[in-house]
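The data block below is target_4.cif; it holds mmCIF, C-alpha atoms and all ligand atoms.
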data_query
loop_
_atom_site.label_atom_id
_atom_site.label_comp_id
_atom_site.auth_asym_id
_atom_site.auth_seq_id
_atom_site.Cartn_x
_atom_site.Cartn_y
_atom_site.Cartn_z
CA LEU A 30 148.49 -22.66 191.41
CA ALA A 31 145.24 -24.60 190.99
CA GLU A 32 144.19 -26.34 194.19
CA LYS A 33 142.67 -29.78 193.79
CA LYS A 34 138.88 -29.55 194.09
CA PRO A 35 137.14 -32.14 196.26
CA THR A 36 134.83 -34.71 194.69
CA VAL A 37 131.23 -33.89 195.59
CA VAL A 38 128.06 -35.96 195.16
CA PHE A 39 124.81 -34.11 195.84
CA VAL A 40 122.19 -36.37 197.44
CA LEU A 41 118.72 -35.04 196.73
CA GLY A 42 115.18 -36.28 197.27
CA GLY A 43 112.05 -35.29 199.13
CA PRO A 44 111.68 -35.12 202.92
CA GLY A 45 111.83 -38.68 204.24
CA SER A 46 112.98 -40.20 200.94
CA GLY A 47 115.92 -41.84 202.77
CA LYS A 48 118.85 -39.52 202.00
CA GLY A 49 120.42 -39.80 205.47
CA THR A 50 119.86 -43.55 205.70
CA GLN A 51 121.51 -44.26 202.35
CA CYS A 52 124.37 -41.81 202.97
CA ALA A 53 125.30 -43.78 206.10
CA ASN A 54 125.57 -46.91 203.93
CA ILE A 55 127.62 -45.12 201.26
CA VAL A 56 130.07 -43.84 203.90
CA GLU A 57 130.60 -47.38 205.18
CA HIS A 58 131.27 -48.88 201.75
CA PHE A 59 132.87 -46.12 199.71
CA GLY A 60 134.83 -43.86 202.07
CA TYR A 61 132.96 -40.61 201.57
CA THR A 62 132.38 -38.03 204.29
CA HIS A 63 128.65 -37.39 204.83
CA LEU A 64 127.61 -33.76 205.17
CA SER A 65 123.88 -33.33 205.81
CA ALA A 66 123.01 -29.64 205.39
CA GLY A 67 120.02 -30.15 207.69
CA ASP A 68 122.21 -31.77 210.39
CA LEU A 69 124.73 -28.90 210.14
CA LEU A 70 121.91 -26.37 210.54
CA ARG A 71 120.46 -28.27 213.54
CA ALA A 72 123.94 -28.37 215.13
CA GLU A 73 124.21 -24.62 214.58
CA ILE A 74 120.93 -24.12 216.49
CA LYS A 75 122.20 -26.29 219.36
CA SER A 76 125.53 -24.46 219.52
CA GLY A 77 123.70 -21.28 220.48
CA SER A 78 124.92 -19.36 217.42
CA GLU A 79 123.53 -15.89 216.74
CA ASN A 80 121.72 -17.35 213.69
CA GLY A 81 120.16 -20.13 215.77
CA THR A 82 116.74 -18.59 216.29
CA MET A 83 116.41 -17.62 212.62
CA ILE A 84 117.40 -21.14 211.51
CA GLN A 85 115.01 -22.76 213.97
CA ASN A 86 112.11 -20.63 212.69
CA MET A 87 112.89 -21.44 209.06
CA ILE A 88 113.07 -25.19 209.75
CA LYS A 89 109.80 -25.10 211.68
CA GLU A 90 108.17 -23.49 208.64
CA GLY A 91 109.88 -25.80 206.15
CA LYS A 92 111.54 -22.79 204.52
CA ILE A 93 115.00 -22.67 202.98
CA VAL A 94 117.67 -20.99 205.12
CA PRO A 95 119.64 -18.21 203.31
CA SER A 96 122.36 -19.85 201.27
CA GLU A 97 125.26 -17.87 202.75
CA VAL A 98 124.53 -19.49 206.13
CA THR A 99 124.35 -23.05 204.77
CA ILE A 100 127.31 -22.64 202.43
CA LYS A 101 129.53 -21.34 205.24
CA LEU A 102 128.69 -24.43 207.33
CA LEU A 103 129.36 -26.77 204.40
CA GLN A 104 132.66 -25.05 203.54
CA ARG A 105 133.84 -25.27 207.13
CA ALA A 106 132.94 -28.95 207.34
CA ILE A 107 134.74 -29.69 204.06
CA GLU A 108 137.88 -27.91 205.25
CA GLU A 109 137.86 -29.57 208.66
CA SER A 110 137.26 -33.11 207.39
CA GLY A 111 140.63 -33.96 205.86
CA ASN A 112 138.80 -36.04 203.24
CA GLU A 113 138.47 -35.19 199.56
CA LYS A 114 135.20 -37.08 198.81
CA PHE A 115 131.88 -35.73 200.08
CA LEU A 116 128.21 -36.60 200.04
CA ILE A 117 126.31 -33.36 200.39
CA ASP A 118 122.85 -34.43 201.57
CA GLY A 119 119.80 -32.16 201.26
CA PHE A 120 121.58 -29.31 199.47
CA PRO A 121 121.19 -27.44 197.10
CA ARG A 122 117.46 -26.98 197.73
CA ASN A 123 116.78 -24.22 195.22
CA GLU A 124 118.39 -22.65 192.19
CA GLU A 125 119.87 -19.84 194.27
CA ASN A 126 121.55 -22.38 196.62
CA ARG A 127 122.95 -24.16 193.60
CA ALA A 128 124.32 -21.09 191.83
CA ALA A 129 125.74 -19.58 195.04
CA PHE A 130 127.55 -22.80 196.04
CA GLU A 131 129.11 -23.06 192.61
CA ALA A 132 130.12 -19.39 192.58
CA VAL A 133 131.56 -19.40 196.11
CA THR A 134 133.36 -22.77 196.08
CA GLY A 135 133.95 -23.36 192.38
CA ILE A 136 132.78 -26.95 192.99
CA GLU A 137 130.46 -28.79 190.62
CA PRO A 138 129.06 -32.19 191.61
CA SER A 139 130.41 -35.24 189.80
CA VAL A 140 127.03 -36.96 190.16
CA VAL A 141 123.62 -36.13 191.65
CA LEU A 142 121.76 -38.97 193.36
CA PHE A 143 118.02 -38.44 193.31
CA PHE A 144 115.84 -40.53 195.62
CA ASP A 145 112.42 -40.72 194.04
CA CYS A 146 109.60 -41.60 196.47
CA PRO A 147 105.83 -40.99 196.55
CA GLU A 148 104.59 -38.44 199.09
CA GLU A 149 102.35 -40.96 200.91
CA GLU A 150 105.39 -43.13 201.67
CA MET A 151 107.56 -40.17 202.72
CA GLU A 152 104.75 -38.92 204.98
CA ARG A 153 104.41 -42.35 206.62
CA ARG A 154 108.15 -42.48 207.30
CA LEU A 155 108.38 -38.97 208.73
CA LEU A 156 105.37 -39.40 211.01
CA SER A 157 106.80 -42.61 212.46
CA ARG A 158 110.41 -41.37 212.84
CA ASN A 159 110.01 -40.13 216.45
CA GLU A 160 113.35 -38.36 216.76
CA GLY A 161 111.76 -35.20 218.11
CA ARG A 162 112.43 -33.11 215.02
CA VAL A 163 110.45 -29.85 215.16
CA ASP A 164 109.52 -30.30 211.47
CA ASP A 165 108.11 -33.85 211.75
CA ASN A 166 104.49 -32.82 212.25
CA ILE A 167 101.83 -33.01 209.57
CA GLU A 168 101.52 -29.21 209.07
CA THR A 169 105.26 -28.72 208.56
CA ILE A 170 105.55 -31.90 206.49
CA ARG A 171 102.98 -30.51 204.01
CA LYS A 172 104.99 -27.26 203.77
CA ARG A 173 108.23 -29.23 203.22
CA PHE A 174 106.55 -31.18 200.39
CA ARG A 175 105.41 -27.94 198.73
CA VAL A 176 108.86 -26.33 198.96
CA PHE A 177 110.41 -29.52 197.58
CA LEU A 178 108.14 -29.51 194.52
CA GLU A 179 108.38 -25.78 193.87
CA SER A 180 112.05 -25.10 194.65
CA SER A 181 114.06 -28.33 194.79
CA ILE A 182 112.72 -30.24 191.79
CA PRO A 183 114.00 -27.46 189.46
CA VAL A 184 117.52 -28.16 190.78
CA VAL A 185 117.13 -31.85 189.91
CA GLU A 186 115.92 -30.84 186.43
CA TYR A 187 118.92 -28.56 185.98
CA TYR A 188 121.32 -31.44 186.69
CA GLU A 189 119.22 -33.79 184.56
CA SER A 190 119.85 -31.44 181.63
CA LYS A 191 123.58 -31.85 182.32
CA GLY A 192 123.31 -35.65 182.40
CA LYS A 193 124.41 -35.85 186.04
CA VAL A 194 121.31 -37.32 187.72
CA ARG A 195 121.13 -40.95 188.82
CA LYS A 196 117.48 -41.49 189.76
CA ILE A 197 116.76 -44.22 192.27
CA ASP A 198 113.42 -45.75 193.20
CA ALA A 199 113.48 -45.03 196.94
CA ALA A 200 110.09 -46.53 197.81
CA ARG A 201 111.59 -49.99 198.27
CA PRO A 202 113.12 -51.52 201.44
CA VAL A 203 116.45 -49.95 202.57
CA GLY A 204 118.61 -52.86 201.36
CA GLU A 205 117.07 -52.91 197.89
CA VAL A 206 117.53 -49.16 197.53
CA PHE A 207 121.17 -49.55 198.54
CA GLU A 208 121.73 -52.19 195.84
CA SER A 209 120.81 -49.53 193.27
CA VAL A 210 122.95 -46.93 195.05
CA LYS A 211 125.96 -49.26 195.03
CA ALA A 212 125.74 -49.59 191.26
CA VAL A 213 126.22 -45.82 190.93
CA PHE A 214 129.45 -45.91 192.96
CA THR A 215 130.89 -49.10 191.49
CA PRO A 216 133.02 -48.54 188.38
CA LYS A 217 131.77 -50.62 185.48
CA SER A 218 134.25 -53.09 184.05
CA GLU A 219 134.14 -53.86 180.33
N1 LIG B 1 113.53 -44.89 206.14
C1 LIG B 1 114.57 -44.52 205.35
N2 LIG B 1 114.64 -45.28 204.25
C2 LIG B 1 113.61 -46.16 204.33
C3 LIG B 1 113.15 -47.21 203.45
N3 LIG B 1 113.75 -47.50 202.30
N4 LIG B 1 112.03 -47.90 203.83
C4 LIG B 1 111.39 -47.60 205.01
N5 LIG B 1 111.79 -46.64 205.87
C5 LIG B 1 112.89 -45.92 205.52
O1 LIG B 1 114.62 -41.42 206.54
C6 LIG B 1 113.42 -40.94 207.09
C7 LIG B 1 112.77 -42.04 207.92
O2 LIG B 1 112.41 -43.11 207.07
C8 LIG B 1 113.71 -42.63 208.97
O3 LIG B 1 112.95 -42.99 210.11
C9 LIG B 1 114.27 -43.88 208.28
O4 LIG B 1 114.62 -44.87 209.20
C10 LIG B 1 113.11 -44.29 207.41
P1 LIG B 1 115.90 -40.48 206.36
O5 LIG B 1 117.02 -41.32 205.86
O6 LIG B 1 116.11 -39.68 207.57
O7 LIG B 1 115.36 -39.56 205.16
P2 LIG B 1 115.83 -38.11 204.69
O8 LIG B 1 115.59 -38.06 203.23
O9 LIG B 1 117.20 -37.83 205.19
O10 LIG B 1 114.74 -37.23 205.46
P3 LIG B 1 114.88 -35.80 206.12
O11 LIG B 1 113.66 -35.62 206.95
O12 LIG B 1 116.20 -35.62 206.77
O13 LIG B 1 114.81 -34.90 204.81
P4 LIG B 1 114.61 -33.37 204.69
O14 LIG B 1 115.15 -33.05 203.35
O15 LIG B 1 113.23 -32.97 204.96
O16 LIG B 1 115.45 -32.81 205.92
P5 LIG B 1 116.83 -32.00 206.03
O17 LIG B 1 117.40 -32.32 207.33
O18 LIG B 1 117.63 -32.17 204.82
O19 LIG B 1 116.28 -30.48 206.07
C11 LIG B 1 115.43 -30.08 207.12
C12 LIG B 1 115.12 -28.60 206.97
O20 LIG B 1 116.34 -27.85 207.10
C13 LIG B 1 114.54 -28.16 205.62
O21 LIG B 1 113.15 -28.36 205.54
C14 LIG B 1 114.92 -26.69 205.61
O22 LIG B 1 114.05 -25.94 206.42
C15 LIG B 1 116.30 -26.71 206.27
N6 LIG B 1 117.40 -26.78 205.28
C16 LIG B 1 117.74 -25.61 204.62
O23 LIG B 1 117.13 -24.56 204.82
N7 LIG B 1 118.78 -25.65 203.71
C17 LIG B 1 119.48 -26.79 203.44
O24 LIG B 1 120.40 -26.75 202.61
C18 LIG B 1 119.10 -27.98 204.12
C19 LIG B 1 118.07 -27.95 205.03
MG MG B 2 118.07 -36.32 206.41
#
Once you've parsed the file, please lay out its structure as structure tokens.
Ligand code: UP5
Ligand code: MG
Amino acid sequence: LAEKKPTVVFVLGGPGSGKGTQCANIVEHFGYTHLSAGDLLRAEIKSGSENGTMIQNMIKEGKIVPSEVTIKLLQRAIEESGNEKFLIDGFPRNEENRAAFEAVTGIEPSVVLFFDCPEEEMERRLLSRNEGRVDDNIETIRKRFRVFLESSIPVVEYYESKGKVRKIDAARPVGEVFESVKAVFTPKSE
């Protein structure tokens, strides 16, 4: 018997483009469960898991954690949530992540939100965030930007070719960005 697949929206965009900020707003208005892959990985480090040191080193270098680790965390969070609508924030980050998630879960995103923001603005935001993240220093930020361009943009292009990308100008104030986000989630009436 076919099990009902959850509805998934991938939320993509460069480091500091505002994925987490906008997801919090979407949750409040549209009843999704927010799953940030980065937050799940940071929680895994804190929990003292056997993968913790490996994950910590990858994040410090701005590198992409092996997909089986991230996918397991996402799958567990989906199962434990009790919801059937998810924002998956900051994943998939490369083509291998994308293909593996689809193969393992059988889930394809209904829509892909893409927060488009210039590097100078993202850099400003990350350097003034002050949440003690080990990757919010200028050396790691430059590495994160490079990985985003080389590995994550191809994922956005893949979904563009499938007509699933909703590109949003993320360089504006939070409230203005959310107005554009809302339009994506609000069904159009004739
Ligand atoms: N801010 C937000 N919106 C603003 C606006 N419109 N105007 C002005 N300021 C705005 O925002 C960043 C900062 O900017 C905040 O201070 C915010 O107040 C302000 P935020 O909403 O946090 O942006 P976000 O896009 O979520 O930035 P984040 O740093 O979380 O993005 P990353 O993609 O870099 O981080 P993530 O946590 O997803 O991944 C971290 C690392 O984990 C990766 O580099 C990688 O090493 C690893 N990872 C994997 O290996 N695999 C995965 O699948 C996921 C992560
Ligand atoms: Mg984030």
- Item | Nearest-residue call for Leu156 (chain A), choices A:Gly204, A:Asn126, A:Lys33, A:Pro44, using only C-alpha atoms |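 Distance minimum relative to Leu156 (chain A) lands on A:Pro44.
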- In the coordinates of the file, take the point (120.9, -23.1, 195.8) and a cut-off of 12 Å; then, counting all atoms listed in the file, name each qualifying protein, DNA or RNA residue as a ChimeraX atom specification. /A:39,66,93-100,119-133,180-185,187
- Task: Have a look at A:Gly45, A:Ile74, A:Leu102, A:Pro35 and name the one nearest to Leu155 (chain A); count all atoms listed in the file.
- Result: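 Answer, going by the shortest atom-to-atom distance: A:Gly45.
For the pair CA of Ser78 (chain A) and atom O19 of ligand LIG 1 (chain B), the interatomic distance is 18.1 Å.
All residues of protein, DNA or RNA that reach within 12 Å of Lys191 (chain A), judged by all atoms listed in the file and not counting those fewer than 4 positions away in the chain, are Glu137, Pro138, Ser139, Val140, Val141, Val184, Val185, Glu186, Tyr187 and Arg195 of chain A.
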- Message: Env of Val163 (chain A): 10 Å cut, atoms = all atoms listed in the file, seq-sep filter 3 positions within chain, self excluded. Answer as a PyMOL selection string.
- Response: chain A and resi 85-86+88-91+160+166+169
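Of the residues under consideration (A:Ser190, A:Ser209, A:Ser110, A:Ser218), A:Ser209 shows the shortest atom-to-atom contact distance to ligand LIG 1 (chain B) when counting only C-alpha atoms and all ligand atoms.
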- Message: Within 10 Å of ligand MG 2 (chain B) (counting only C-alpha atoms and all ligand atoms), which residues show up? I'd like them as a list in words.
- Response: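 So the residues close to ligand MG 2 (chain B) are Val40, Leu41, Gly42, Gly43, Pro44, Gly45, Ser46, Gly47, Lys48, Gly49, Thr50, Gln51, Cys52, Leu64, Ser65, Ala66, Gly67, Asp68, Asp118 and Gly119 of chain A.
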- Query: atom C15 of ligand LIG 1 (chain B) to CA of His63 (chain A): how many Å, to one decimal?
  - Reply: 16.4 Å
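Checking A:Leu116, A:Ile167, A:Arg173, A:Lys196 one by one against Arg153 (chain A), counting all atoms listed in the file, you find the shortest gap at A:Ile167.
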- Query: Which is closer to ligand LIG 1 (chain B) than all the others in A:Gln104, A:Thr215, A:Thr134, A:Ser157, using all atoms listed in the file?
  - Reply: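 Using all atoms listed in the file, ligand LIG 1 (chain B) sits closest to A:Ser157.
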Please report, as AutoDock Vina command-line options, the centre and edge lengths in Å to one decimal of an axis-aligned box covering all listed atoms of region 114-124 of chain A with 5 Å per side.
--center_x 126.0 --center_y -29.9 --center_z 196.9 --size_x 28.4 --size_y 24.4 --size_z 19.4
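Between atom C13 of ligand LIG 1 (chain B) and CA of Leu178 (chain A) lies a distance of 12.9 Å.
Counting only C-alpha atoms and all ligand atoms, the residue from A:Glu108, A:Glu189, A:Glu113, A:Glu149 that sits nearest to ligand LIG 1 (chain B) is A:Glu149.
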- Find the residues around Pro216 (chain A) up to 12 Å (only C-alpha atoms counted), leave out those fewer than 4 positions away in its own chain, and share them as a PyMOL selection string. chain A and resi 59+211-212
